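Right, one structure below, let's go through it.
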Amino acid sequence: MEILTQIPQLVVNGLMSGAILAVPAIAFSLIFAVLQISNFSVASHVAIGAYAAFVANTVFGLPAAVAVIAAFAVSGAIGVVSDHIALRPLRGQGPLTVAITSLALNMVLENIVRFSFGNDVRGLDIPIYRDWIFGTVHIAPQQFFNFLIAAVVTAALFCLLAFTSIGRAMRAVADNPKLADIKGINPEQIARLAIFIGMGLAGVGGVLVALQSGIEPTIGFRVILSVFAAAVLGGLGNIPGAVAGALVIGVAEELSLLALPDAYRSAVGFVAIIVALLFFPRGILGKR
């Protein structure tokens, strides 16, 4: 009976965590959809966004909303520059080469962050509120605000892709870059824009993760497995699938606490990847 009373709280926590995971998972899938590469340096840009927000919020005294915008801009800009230097020259060598190089790039950027800010855990300067209580379910107001930010960011991206010329150009390049080039769309410009938006979203995701667990250099590394699992489960390159996958991973990780210690939470990501590859190779929302 005690376990049954825990389930509603764990499900709510999982949905809140899944919404946060959805933001960097969308970033991963967006970059994959347009460039057909797995860019694992998303993890370091999660950290870069968190620290950019920290500087904006605690050093310059800007409100948290402005800090989120700063995280998007800084992470996106660094993403474009780092891709141009390290990954773009290797795209012709195949996706596996680029994926491995992105892991190396991730280590470089993570250590630059470490040397710049140290290893101390930091936090944003935000007010603390009492939990909201609904029966046996407790919801921290910051959890809810994080959920709202994630929902707004996700909705904004969907609107961009569905209703703007930029979105149509991205979809065209994702479907067939050669045909898009013939139609007058510059695939290289669209690729840079996709990287800017994707890495910017990763930075926003870093802020949301930081609001839950604090800021330190490995903040992105700690969530990258869950992010990748969400993207694979939803179908690589499938933006709605990334959201669905993130929510499933978030709830599954929380429910796993009923049977496993917290240290084994990351095992859920491994299991999700294996299940997706065995039974849903195109993702739970992927086409047959």
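The way I read the labels, and the way they are meant: chains A, B, ... in the order of the structure tokens, residue 1 as the first residue of every chain, and ligand 1 as the first ligand shown, with later ones counted on from there.
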Taking 6 positions as the minimum chain separation for residues in the same chain, which residues sit within 8 Å of A:Gly283 when counting only C-alpha atoms? Answer as a list in words.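 Those residues are Val232, Leu233, Gly234, Gly235, Leu236, Gly241 and Ala276 of chain A.
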Could I get the residues of stretch 181-274 of chain A with an atom no further than 8 Å from an atom of stretch 76-86 of chain A, each paired with its nearest atom pair and that distance in Å to one decimal, using only C-alpha atoms, sorted by chain and residue number, as a tab-separated table?
```
residue	atom	partner	partner_atom	distance
A:Arg192	CA	A:Val80	CA	6.2
A:Ile195	CA	A:Val80	CA	6.0
A:Phe196	CA	A:Gly76	CA	4.1
A:Ile197	CA	A:Gly76	CA	6.1
A:Gly198	CA	A:Gly76	CA	7.1
A:Met199	CA	A:Gly76	CA	4.7
A:Gly200	CA	A:Gly76	CA	4.0
A:Leu201	CA	A:Gly76	CA	7.7
A:Gly203	CA	A:Gly76	CA	7.6
```
Return the single residue from A:Leu285, A:Met170, A:Ala229, A:Ala52 that is closest to A:Ile31, with distances computed using only C-alpha atoms.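 Nearest candidate to A:Ile31 out of A:Leu285, A:Met170, A:Ala229, A:Ala52: A:Met170.
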What is the distance, in Å and to one decimal place, between atom CA of A:Arg130 and atom CA of A:Asn146?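 Atom CA of A:Asn146 lies 15.5 Å from atom CA of A:Arg130.
Residue nearest A:Leu15 within the list A:Glu188, A:Asp131, A:Glu254, A:Glu216: A:Glu254 [criterion: smallest interatomic distance, only C-alpha atoms].
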Choose the residue, out of A:Gln9, A:Ser38, A:Thr58, A:Ser29, that has the smallest atom-to-atom separation from A:Ala246; count only C-alpha atoms. A:Ser29
I'd like to know which of A:Val153, A:Leu278, A:Val113, A:Ala263 is closest to A:Val204, using only C-alpha atoms. A:Val153
Straight-line distance linking atom CA of A:Leu109 with atom CA of A:Met16, stated in Å to one decimal: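 We find that atom CA of A:Leu109 and atom CA of A:Met16 lie 28.2 Å from each other.
Here the question is which of A:Ile112, A:Leu96, A:Val42, A:Ala27 gets nearest to A:Thr154 using only C-alpha atoms, and that residue is A:Ala27.
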Top pick for closest residue to A:Gly135, considering A:Leu277, A:Thr5, A:Arg114, A:Ile185 and counting only C-alpha atoms: A:Thr5
